[in-house]
file data_7.cif (mmCIF, C-alpha atoms)
data_data
loop_
_atom_site.label_atom_id
_atom_site.label_comp_id
_atom_site.auth_asym_id
_atom_site.auth_seq_id
_atom_site.Cartn_x
_atom_site.Cartn_y
_atom_site.Cartn_z
CA MET A 1 30.43 16.20 16.84
CA ALA A 2 28.56 13.08 15.73
CA GLU A 3 28.00 12.34 12.08
CA LEU A 4 24.67 11.52 10.44
CA GLY A 5 25.84 8.07 9.28
CA PRO A 6 25.46 6.23 12.64
CA ALA A 7 21.96 7.65 13.06
CA ILE A 8 20.95 6.26 9.67
CA TRP A 9 22.58 2.91 10.47
CA ALA A 10 20.62 2.77 13.75
CA THR A 11 17.35 3.27 11.88
CA ILE A 12 17.94 1.03 8.87
CA PRO A 13 17.30 -2.30 10.75
CA ILE A 14 13.72 -1.16 11.42
CA PHE A 15 13.33 -0.20 7.77
CA VAL A 16 14.68 -3.58 6.64
CA LEU A 17 12.44 -5.47 9.09
CA GLY A 18 9.43 -3.62 7.69
CA LEU A 19 10.37 -4.50 4.12
CA TYR A 20 10.92 -8.12 5.14
CA GLY A 21 7.43 -8.15 6.64
CA VAL A 22 5.90 -6.81 3.43
CA ILE A 23 7.61 -9.56 1.44
CA ALA A 24 7.36 -12.50 3.81
CA ARG A 25 3.87 -12.21 5.27
CA ARG A 26 0.56 -12.99 3.59
CA ASN A 27 -1.96 -11.67 6.12
CA LEU A 28 -3.07 -8.23 4.85
CA ILE A 29 -3.16 -6.76 8.36
CA ARG A 30 0.37 -8.01 9.08
CA ILE A 31 1.51 -6.52 5.74
CA MET A 32 -0.14 -3.25 6.76
CA LEU A 33 1.70 -3.28 10.12
CA ALA A 34 4.99 -3.92 8.27
CA LEU A 35 4.31 -1.00 5.91
CA GLU A 36 3.69 1.25 8.93
CA ILE A 37 7.10 0.20 10.28
CA VAL A 38 8.71 1.22 6.98
CA GLY A 39 6.92 4.57 7.24
CA ALA A 40 7.99 5.11 10.85
CA ALA A 41 11.63 4.42 9.88
CA THR A 42 11.40 6.85 6.95
CA VAL A 43 10.06 9.64 9.14
CA THR A 44 12.77 8.96 11.73
CA ILE A 45 15.54 9.11 9.10
CA LEU A 46 14.13 12.39 7.75
CA GLY A 47 13.95 13.79 11.31
CA ALA A 48 17.56 12.76 12.00
CA ALA A 49 18.62 14.35 8.70
CA ALA A 50 16.78 17.52 9.74
CA ALA A 51 18.79 17.66 12.97
CA ALA A 52 22.06 17.06 11.13
CA ASN A 53 21.86 18.90 7.84
CA TRP A 54 18.45 19.43 6.25
CA GLN A 55 17.04 21.69 8.97
CA ASP A 56 13.36 22.60 8.51
CA MET A 57 12.99 20.95 5.10
CA GLY A 58 13.73 17.54 6.67
CA GLU A 59 10.97 18.06 9.22
CA VAL A 60 8.45 19.20 6.60
CA LEU A 61 9.24 16.18 4.40
CA GLY A 62 8.87 13.95 7.47
CA LEU A 63 5.46 15.47 8.13
CA LEU A 64 4.40 14.78 4.53
CA ALA A 65 5.65 11.19 4.92
CA LEU A 66 3.48 10.86 8.05
CA VAL A 67 0.48 12.07 6.03
CA ALA A 68 1.29 9.42 3.41
CA ILE A 69 1.37 6.73 6.13
CA GLY A 70 -2.06 7.93 7.29
CA ILE A 71 -3.48 7.64 3.77
CA GLU A 72 -2.04 4.17 3.33
CA GLY A 73 -3.35 3.07 6.74
CA ALA A 74 -6.89 4.30 6.05
CA PHE A 75 -6.97 2.63 2.66
CA LEU A 76 -5.61 -0.70 3.92
CA VAL A 77 -8.07 -0.80 6.83
CA ALA A 78 -10.93 -0.36 4.35
CA LEU A 79 -9.46 -3.12 2.17
CA ALA A 80 -8.97 -5.46 5.15
CA THR A 81 -12.57 -4.87 6.28
CA LEU A 82 -13.80 -5.65 2.77
CA MET A 83 -11.69 -8.84 2.61
CA ASN A 84 -13.03 -9.92 5.99
CA GLU A 85 -16.59 -9.46 4.76
CA VAL A 86 -16.15 -11.04 1.32
CA LEU A 87 -13.64 -13.79 2.08
CA GLY A 88 -13.86 -14.18 5.85
CA ASP A 89 -10.09 -13.99 5.90
CA THR A 90 -7.27 -11.51 5.21
CA ASP A 91 -4.91 -13.99 3.55
CA VAL A 92 -3.84 -12.34 0.28
CA ILE A 93 -2.65 -15.60 -1.33
CA LEU A 94 -5.96 -17.32 -0.53
CA PHE A 95 -7.71 -14.33 -2.11
CA LYS A 96 -5.57 -14.66 -5.23
CA GLU A 97 -6.21 -18.42 -5.49
CA ARG A 98 -9.97 -17.97 -5.13
CA ARG A 99 -9.98 -15.29 -7.82
CA ARG A 100 -8.04 -17.63 -10.11
CA GLY A 101 -10.51 -20.43 -9.37
CA GLU A 102 -13.47 -18.16 -10.17
CA GLU A 103 -11.89 -17.12 -13.47
CA GLU A 104 -11.34 -20.74 -14.50
CA MET B 105 22.30 12.93 22.26
CA ILE B 106 23.24 10.61 19.38
CA GLU B 107 23.97 7.89 21.97
CA ALA B 108 20.44 8.21 23.37
CA TYR B 109 19.06 8.12 19.83
CA ILE B 110 20.93 4.89 18.99
CA LEU B 111 19.88 3.27 22.28
CA ILE B 112 16.21 4.15 21.81
CA MET B 113 16.24 2.98 18.20
CA GLY B 114 17.75 -0.34 19.35
CA VAL B 115 14.77 -0.89 21.64
CA ALA B 116 12.42 0.18 18.82
CA THR B 117 14.02 -2.47 16.57
CA ALA B 118 13.11 -5.15 19.13
CA PHE B 119 9.49 -3.97 19.08
CA ALA B 120 9.54 -3.91 15.25
CA ALA B 121 10.63 -7.57 15.32
CA ALA B 122 7.74 -8.30 17.71
CA VAL B 123 5.34 -6.77 15.17
CA LEU B 124 6.43 -9.35 12.60
CA TRP B 125 6.87 -12.47 14.74
CA ASP B 126 4.26 -12.15 17.50
CA PRO B 127 1.46 -14.60 16.58
CA ASP B 128 -1.22 -12.40 18.18
CA LEU B 129 -2.17 -9.58 15.79
CA VAL B 130 -3.40 -7.30 18.60
CA ARG B 131 -0.11 -7.62 20.48
CA ALA B 132 1.70 -6.95 17.19
CA ALA B 133 -0.33 -3.77 16.67
CA ALA B 134 0.42 -2.72 20.27
CA SER B 135 4.13 -3.23 19.50
CA LEU B 136 3.69 -0.92 16.50
CA ILE B 137 2.46 1.81 18.86
CA MET B 138 5.70 1.34 20.84
CA VAL B 139 7.75 1.63 17.61
CA PHE B 140 6.12 4.97 16.81
CA LEU B 141 6.44 6.22 20.40
CA LEU B 142 10.12 5.25 20.70
CA SER B 143 11.10 6.67 17.31
CA GLY B 144 9.33 9.90 18.29
CA PHE B 145 11.29 10.03 21.56
CA ALA B 146 14.52 9.35 19.64
CA LEU B 147 13.83 12.40 17.47
CA LEU B 148 13.15 14.46 20.58
CA ALA B 149 16.61 13.41 21.83
CA LEU B 150 18.15 14.91 18.67
CA GLY B 151 16.32 18.23 19.14
CA ALA B 152 13.89 17.72 16.24
CA TRP B 153 10.97 18.16 18.64
CA PHE B 154 8.42 19.15 15.99
CA ILE B 155 8.62 15.98 13.92
CA GLY B 156 9.14 13.95 17.11
CA ALA B 157 5.91 15.32 18.54
CA MET B 158 4.14 14.66 15.23
CA GLN B 159 5.46 11.09 15.25
CA VAL B 160 3.98 10.57 18.72
CA LEU B 161 0.70 12.38 18.03
CA LEU B 162 -0.02 11.28 14.45
CA GLY B 163 1.99 8.06 14.31
CA ALA B 164 1.30 6.49 17.70
CA GLY B 165 -1.97 8.33 18.28
CA ALA B 166 -3.66 7.91 14.92
CA VAL B 167 -1.95 5.61 12.42
CA ALA B 168 -1.07 2.85 14.90
CA ILE B 169 -4.55 3.05 16.43
CA ILE B 170 -6.04 2.48 12.95
CA ALA B 171 -3.81 -0.62 12.70
CA LEU B 172 -4.97 -1.73 16.15
CA TYR B 173 -8.59 -1.37 14.99
CA ALA B 174 -7.85 -3.53 11.94
CA ALA B 175 -6.24 -6.18 14.16
CA LEU B 176 -9.14 -6.15 16.63
CA THR B 177 -11.78 -6.58 13.91
CA SER B 178 -9.88 -9.34 12.12
CA ARG B 179 -11.49 -12.80 12.27
CA LYS B 180 -8.26 -14.79 12.56
CA ARG B 181 -6.12 -13.09 15.16
CA THR B 182 -3.48 -15.62 16.13
CA GLU B 183 -1.43 -16.69 13.16
CA VAL B 184 1.80 -15.86 11.36
CA LEU B 185 1.17 -16.78 7.71
CA LYS B 186 4.38 -16.97 5.74
CA SER B 187 4.54 -16.31 2.06
CA PRO B 188 6.15 -19.04 -0.12
CA LYS B 189 9.78 -18.35 -1.15
CA ALA B 190 9.90 -15.56 1.43
CA GLY B 191 13.39 -16.44 2.63
CA SER B 192 15.23 -16.14 -0.68
CA ILE B 193 13.36 -13.01 -1.78
CA ALA B 194 13.97 -11.37 1.58
CA ALA B 195 17.68 -12.25 1.49
CA ILE B 196 18.05 -10.60 -1.94
CA THR B 197 16.14 -7.54 -0.74
CA LEU B 198 18.27 -7.21 2.37
CA GLY B 199 21.45 -7.50 0.27
CA ILE B 200 20.34 -4.78 -2.14
CA LEU B 201 19.20 -2.60 0.72
CA GLY B 202 22.48 -2.98 2.61
CA ILE B 203 24.42 -1.77 -0.43
CA SER B 204 22.07 1.15 -1.03
CA VAL B 205 22.27 2.17 2.63
CA GLY B 206 26.05 2.21 2.38
CA LEU B 207 25.77 4.49 -0.64
CA LEU B 208 23.19 6.65 1.13
CA THR B 209 25.41 7.25 4.16
CA LEU B 210 28.35 8.05 1.87
CA SER B 211 26.41 10.57 -0.17
CA THR B 212 24.50 12.22 2.69
CA PRO B 213 26.93 14.40 4.61
CA GLY B 214 25.83 15.94 7.89
CA THR B 215 27.02 16.61 11.40
CA PHE B 216 24.79 16.91 14.45
CA THR B 217 24.94 20.32 16.07
CA ILE B 218 22.79 21.78 18.82
CA TYR B 219 19.50 21.79 16.94
CA SER B 220 16.01 22.80 17.89
CA SER B 221 12.97 22.86 15.61
CA ASN B 222 11.71 26.26 14.54
CA ALA B 223 7.92 26.07 14.21
CA TYR B 224 7.74 29.47 12.45
CA LYS B 225 10.17 28.43 9.70
CA ILE B 226 8.46 25.03 9.32
CA ALA B 227 5.07 26.73 8.90
CA GLU B 228 6.56 29.15 6.37
CA LEU B 229 8.06 26.29 4.39
CA LEU B 230 4.89 24.22 4.61
CA PHE B 231 2.37 26.89 3.63
CA LYS B 232 4.41 29.19 1.39
CA ASP B 233 7.27 27.39 -0.34
CA ILE B 234 5.73 23.96 -0.87
CA GLY B 235 2.10 24.91 -0.36
CA LEU B 236 1.06 23.22 -3.60
CA THR B 237 2.52 19.88 -2.49
CA VAL B 238 0.69 20.12 0.81
CA ALA B 239 -2.58 20.98 -0.92
CA LEU B 240 -2.13 18.04 -3.29
CA SER B 241 -1.38 15.66 -0.44
CA LEU B 242 -4.55 16.80 1.36
CA LEU B 243 -6.54 16.24 -1.83
CA MET B 244 -5.00 12.77 -2.06
CA ILE B 245 -6.17 11.97 1.46
CA VAL B 246 -9.72 13.01 0.61
CA ALA B 247 -9.63 11.07 -2.69
CA LEU B 248 -8.24 7.90 -1.11
CA ILE B 249 -10.58 7.87 1.87
CA ALA B 250 -13.50 8.57 -0.49
CA SER B 251 -12.40 5.71 -2.78
CA ALA B 252 -12.24 3.37 0.19
CA TYR B 253 -15.79 4.32 1.15
CA ILE B 254 -16.95 3.87 -2.45
CA VAL B 255 -15.50 0.33 -2.50
CA ARG B 256 -17.38 -0.42 0.72
CA TYR B 257 -20.61 1.19 -0.57
CA LEU B 258 -20.50 -0.79 -3.82
CA TYR B 259 -20.01 -4.02 -1.89
CA VAL B 260 -22.96 -3.32 0.42
CA ARG B 261 -25.09 -2.34 -2.58
CA GLY B 262 -24.04 -5.51 -4.43
CA GLU B 263 -25.43 -7.62 -1.58
#
call {"tool": "encode", "arguments": {"input": "data_7.cif", "output": "structure tokens"}}
result
Amino acid sequence: MAELGPAIWATIPIFVLGLYGVIARRNLIRIMLALEIVGAATVTILGAAAAANWQDMGEVLGLLALVAIGIEGAFLVALATLMNEVLGDTDVILFKERRRGEEE
Amino acid sequence: MIEAYILIMGVATAFAAAVLWDPDLVRAAASLIMVFLLSGFALLALGAWFIGAMQVLLGAGAVAIIALYAALTSRKRTEVLKSPKAGSIAAITLGILGISVGLLTLSTPGTFTIYSSNAYKIAELLFKDIGLTVALSLLMIVALIASAYIVRYLYVRGE
């Protein structure tokens, strides 16, 4: 019988890569893609936990996590569209600098 | 079955790396579809077919397609912009995460048995036991999508 630990260890690199993307990228669309990776890894861990120990509750929580990813995706697409229209770019640091310049 | 899961997740990790380092945003979004598809297949290999199917249908079929739409409509498609001080922050994050993962695997006991999703029990749990949470999450979807449209409407009106 296999333990749950190796399954979590196999999924964690994807989770870490997603978090790295959120931190290290400045294009809003790339940040959104990285957040989706984090979400996909979360759902996969919950699914693996369902198969090992949590049974149906793991699957239901995974489903709710998928809904949360959908919400986040819809919101970020709207934000990216708005940034494209207003700024002509999706660089979050450029956006921040321009806002600072306008305030000064 | 766990061997198949680990193998598939290894391939998915390679696609996740492509999402971050591929200069073309559209190719990166296409790699995200592969991440969702492969992680869904990995769950199918464990017997959790319900959430695996949802991962393929909702994840690869809806969420990743939204991301693909965002990539296609972006004005600058071929660039990898790096945030300043990304390396040191990321290293600290990875260190903290590694420790927490170790703790997580220690405190989450579980052994894989022959498992198959039970749609009846899932529906019972979803609509009876945690029905309020589900209703609230649906309300959140409506509220967030509506707020996104309001932001867009205000911008168009401001012009």
call {"tool": "resolve_selection", "arguments": {"input": "data_7.cif", "expression": "the PyMOL selection byres ((chain B and resi 230-243) around 8)", "output": "list in words"}}
result
Val60, Leu64, Val67 and Ala68 of chain A; Ile226, Ala227, Glu228, Leu229, Met244, Ile245, Val246 and Ala247 of chain B
call {"tool": "residues_around", "arguments": {"input": "data_7.cif", "residues": "B:Arg179", "least_positions_apart": "3", "cutoff": "12 Å", "atoms": "all atoms listed in the file", "output": "count of residues only"}}
result
20
call {"tool": "atom_distance", "arguments": {"input": "data_7.cif", "atom1": "atom CA of B:Tyr219", "atom2": "atom CA of A:Ala50"}}
result
8.8 Å
call {"tool": "atom_distance", "arguments": {"input": "data_7.cif", "atom1": "atom CA of A:Arg30", "atom2": "atom CA of B:Val160"}}
result
21.2 Å
call {"tool": "resolve_selection", "arguments": {"input": "data_7.cif", "expression": "the PyMOL selection byres ((chain A and resi 62) around 7)", "output": "PyMOL selection string"}}
result
(chain A and resi 43+46-47+58-61+63-66) or (chain B and resi 155)
call {"tool": "write_last_selection", "arguments": {"input": "data_7.cif", "atoms": "C-alpha atoms", "output": "short mmCIF file (atom, residue, chain, number, x, y, z; two decimals), in the coordinates of the input"}}
result
data_model
loop_
_atom_site.label_atom_id
_atom_site.label_comp_id
_atom_site.auth_asym_id
_atom_site.auth_seq_id
_atom_site.Cartn_x
_atom_site.Cartn_y
_atom_site.Cartn_z
CA VAL A 43 10.06 9.64 9.14
CA LEU A 46 14.13 12.39 7.75
CA GLY A 47 13.95 13.79 11.31
CA GLY A 58 13.73 17.54 6.67
CA GLU A 59 10.97 18.06 9.22
CA VAL A 60 8.45 19.20 6.60
CA LEU A 61 9.24 16.18 4.40
CA LEU A 63 5.46 15.47 8.13
CA LEU A 64 4.40 14.78 4.53
CA ALA A 65 5.65 11.19 4.92
CA LEU A 66 3.48 10.86 8.05
CA ILE B 155 8.62 15.98 13.92
#
call {"tool": "closest_residue", "arguments": {"input": "data_7.cif", "among": "B:Leu172, B:Ala194, B:Ala164, B:Ile200", "to": "chain A", "atoms": "all atoms listed in the file"}}
result
B:Ala194
call {"tool": "resolve_selection", "arguments": {"input": "data_7.cif", "expression": "the PyMOL selection byres ((chain B and resi 117-125) around 7)", "output": "list in words"}}
result
Pro13, Ile14, Leu17, Gly21 and Ile37 of chain A; Met113, Gly114, Val115, Ala116, Asp126, Pro127, Ala132, Ala133, Ser135, Leu136, Met138, Val139 and Val184 of chain B
call {"tool": "write_last_selection", "arguments": {"input": "data_7.cif", "atoms": "C-alpha atoms", "output": "tab-separated table (two decimals), in the coordinates of the input"}}
result
chain	number	residue	atom	x	y	z
A	13	PRO	CA	17.30	-2.30	10.75
A	14	ILE	CA	13.72	-1.16	11.42
A	17	LEU	CA	12.44	-5.47	9.09
A	21	GLY	CA	7.43	-8.15	6.64
A	37	ILE	CA	7.10	0.20	10.28
B	113	MET	CA	16.24	2.98	18.20
B	114	GLY	CA	17.75	-0.34	19.35
B	115	VAL	CA	14.77	-0.89	21.64
B	116	ALA	CA	12.42	0.18	18.82
B	126	ASP	CA	4.26	-12.15	17.50
B	127	PRO	CA	1.46	-14.60	16.58
B	132	ALA	CA	1.70	-6.95	17.19
B	133	ALA	CA	-0.33	-3.77	16.67
B	135	SER	CA	4.13	-3.23	19.50
B	136	LEU	CA	3.69	-0.92	16.50
B	138	MET	CA	5.70	1.34	20.84
B	139	VAL	CA	7.75	1.63	17.61
B	184	VAL	CA	1.80	-15.86	11.36
call {"tool": "interface_residues", "arguments": {"input": "data_7.cif", "of": "chain A", "to": "chain B", "cutoff": "6 Å", "atoms": "only C-alpha atoms", "output": "PyMOL selection string"}}
result
chain A and resi 2-5+10+14+20+24-26+51-53+56+59+70-71+75+77-78
call {"tool": "atom_distance", "arguments": {"input": "data_7.cif", "atom1": "atom CA of A:Ala41", "atom2": "atom CA of A:Leu79"}}
result
23.7 Å
call {"tool": "decode", "arguments": {"input": "data_7.cif", "residues": "stretch 71-100 of chain A", "atoms": "N, CA and C atoms", "output": "mmCIF file, in the first residue's frame"}}
result
data_model
loop_
_atom_site.group_PDB
_atom_site.id
_atom_site.type_symbol
_atom_site.label_atom_id
_atom_site.label_comp_id
_atom_site.auth_asym_id
_atom_site.auth_seq_id
_atom_site.Cartn_x
_atom_site.Cartn_y
_atom_site.Cartn_z
ATOM 1 N N ILE A 71 -13.400 31.900 -10.369
ATOM 2 C CA ILE A 71 -13.679 33.282 -9.951
ATOM 3 C C ILE A 71 -12.456 34.144 -10.188
ATOM 4 N N GLU A 72 -11.323 33.653 -9.714
ATOM 5 C CA GLU A 72 -10.068 34.405 -9.821
ATOM 6 C C GLU A 72 -9.707 34.644 -11.293
ATOM 7 N N GLY A 73 -9.909 33.631 -12.125
ATOM 8 C CA GLY A 73 -9.604 33.757 -13.553
ATOM 9 C C GLY A 73 -10.468 34.823 -14.208
ATOM 10 N N ALA A 74 -11.778 34.786 -13.918
ATOM 11 C CA ALA A 74 -12.703 35.750 -14.525
ATOM 12 C C ALA A 74 -12.330 37.172 -14.116
ATOM 13 N N PHE A 75 -12.029 37.337 -12.840
ATOM 14 C CA PHE A 75 -11.703 38.670 -12.332
ATOM 15 C C PHE A 75 -10.393 39.185 -12.944
ATOM 16 N N LEU A 76 -9.386 38.316 -13.020
ATOM 17 C CA LEU A 76 -8.092 38.761 -13.555
ATOM 18 C C LEU A 76 -8.162 39.056 -15.048
ATOM 19 N N VAL A 77 -8.998 38.317 -15.787
ATOM 20 C CA VAL A 77 -9.152 38.614 -17.215
ATOM 21 C C VAL A 77 -9.756 39.999 -17.395
ATOM 22 N N ALA A 78 -10.771 40.318 -16.555
ATOM 23 C CA ALA A 78 -11.381 41.652 -16.627
ATOM 24 C C ALA A 78 -10.342 42.724 -16.315
ATOM 25 N N LEU A 79 -9.527 42.468 -15.294
ATOM 26 C CA LEU A 79 -8.499 43.428 -14.887
ATOM 27 C C LEU A 79 -7.441 43.604 -15.981
ATOM 28 N N ALA A 80 -7.045 42.478 -16.598
ATOM 29 C CA ALA A 80 -6.037 42.541 -17.668
ATOM 30 C C ALA A 80 -6.575 43.306 -18.870
ATOM 31 N N THR A 81 -7.859 43.091 -19.198
ATOM 32 C CA THR A 81 -8.471 43.823 -20.311
ATOM 33 C C THR A 81 -8.480 45.319 -20.022
ATOM 34 N N LEU A 82 -8.837 45.652 -18.791
ATOM 35 C CA LEU A 82 -8.867 47.062 -18.382
ATOM 36 C C LEU A 82 -7.469 47.682 -18.467
ATOM 37 N N MET A 83 -6.462 46.943 -17.986
ATOM 38 C CA MET A 83 -5.078 47.463 -18.031
ATOM 39 C C MET A 83 -4.617 47.647 -19.466
ATOM 40 N N ASN A 84 -5.004 46.713 -20.339
ATOM 41 C CA ASN A 84 -4.645 46.837 -21.752
ATOM 42 C C ASN A 84 -5.243 48.096 -22.359
ATOM 43 N N GLU A 85 -6.492 48.386 -21.969
ATOM 44 C CA GLU A 85 -7.179 49.556 -22.524
ATOM 45 C C GLU A 85 -6.599 50.860 -21.976
ATOM 46 N N VAL A 86 -6.392 50.897 -20.647
ATOM 47 C CA VAL A 86 -5.958 52.133 -19.993
ATOM 48 C C VAL A 86 -4.477 52.397 -20.243
ATOM 49 N N LEU A 87 -3.669 51.361 -20.063
ATOM 50 C CA LEU A 87 -2.212 51.510 -20.042
ATOM 51 C C LEU A 87 -1.562 51.062 -21.353
ATOM 52 N N GLY A 88 -2.257 50.188 -22.076
ATOM 53 C CA GLY A 88 -1.669 49.605 -23.281
ATOM 54 C C GLY A 88 -0.647 48.537 -22.953
ATOM 55 N N ASP A 89 -0.634 48.104 -21.718
ATOM 56 C CA ASP A 89 0.347 47.125 -21.264
ATOM 57 C C ASP A 89 -0.218 46.402 -20.041
ATOM 58 N N THR A 90 0.342 45.229 -19.721
ATOM 59 C CA THR A 90 -0.127 44.517 -18.522
ATOM 60 C C THR A 90 1.002 44.380 -17.493
ATOM 61 N N ASP A 91 1.979 45.288 -17.589
ATOM 62 C CA ASP A 91 3.092 45.281 -16.635
ATOM 63 C C ASP A 91 2.642 45.943 -15.330
ATOM 64 N N VAL A 92 2.594 45.169 -14.242
ATOM 65 C CA VAL A 92 2.055 45.719 -12.989
ATOM 66 C C VAL A 92 2.986 46.771 -12.373
ATOM 67 N N ILE A 93 4.298 46.624 -12.584
ATOM 68 C CA ILE A 93 5.240 47.588 -11.994
ATOM 69 C C ILE A 93 5.171 48.925 -12.741
ATOM 70 N N LEU A 94 5.012 48.839 -14.063
ATOM 71 C CA LEU A 94 4.823 50.052 -14.875
ATOM 72 C C LEU A 94 3.554 50.777 -14.429
ATOM 73 N N PHE A 95 2.517 50.014 -14.173
ATOM 74 C CA PHE A 95 1.238 50.566 -13.704
ATOM 75 C C PHE A 95 1.428 51.303 -12.380
ATOM 76 N N LYS A 96 2.187 50.652 -11.480
ATOM 77 C CA LYS A 96 2.438 51.247 -10.161
ATOM 78 C C LYS A 96 3.243 52.542 -10.304
ATOM 79 N N GLU A 97 4.274 52.518 -11.174
ATOM 80 C CA GLU A 97 5.111 53.706 -11.354
ATOM 81 C C GLU A 97 4.306 54.869 -11.946
ATOM 82 N N ARG A 98 3.438 54.546 -12.896
ATOM 83 C CA ARG A 98 2.624 55.613 -13.504
ATOM 84 C C ARG A 98 1.666 56.215 -12.489
ATOM 85 N N ARG A 99 1.089 55.354 -11.650
ATOM 86 C CA ARG A 99 0.186 55.856 -10.605
ATOM 87 C C ARG A 99 0.939 56.786 -9.651
ATOM 88 N N ARG A 100 2.181 56.371 -9.315
ATOM 89 C CA ARG A 100 2.990 57.192 -8.406
ATOM 90 C C ARG A 100 3.296 58.544 -9.058
#
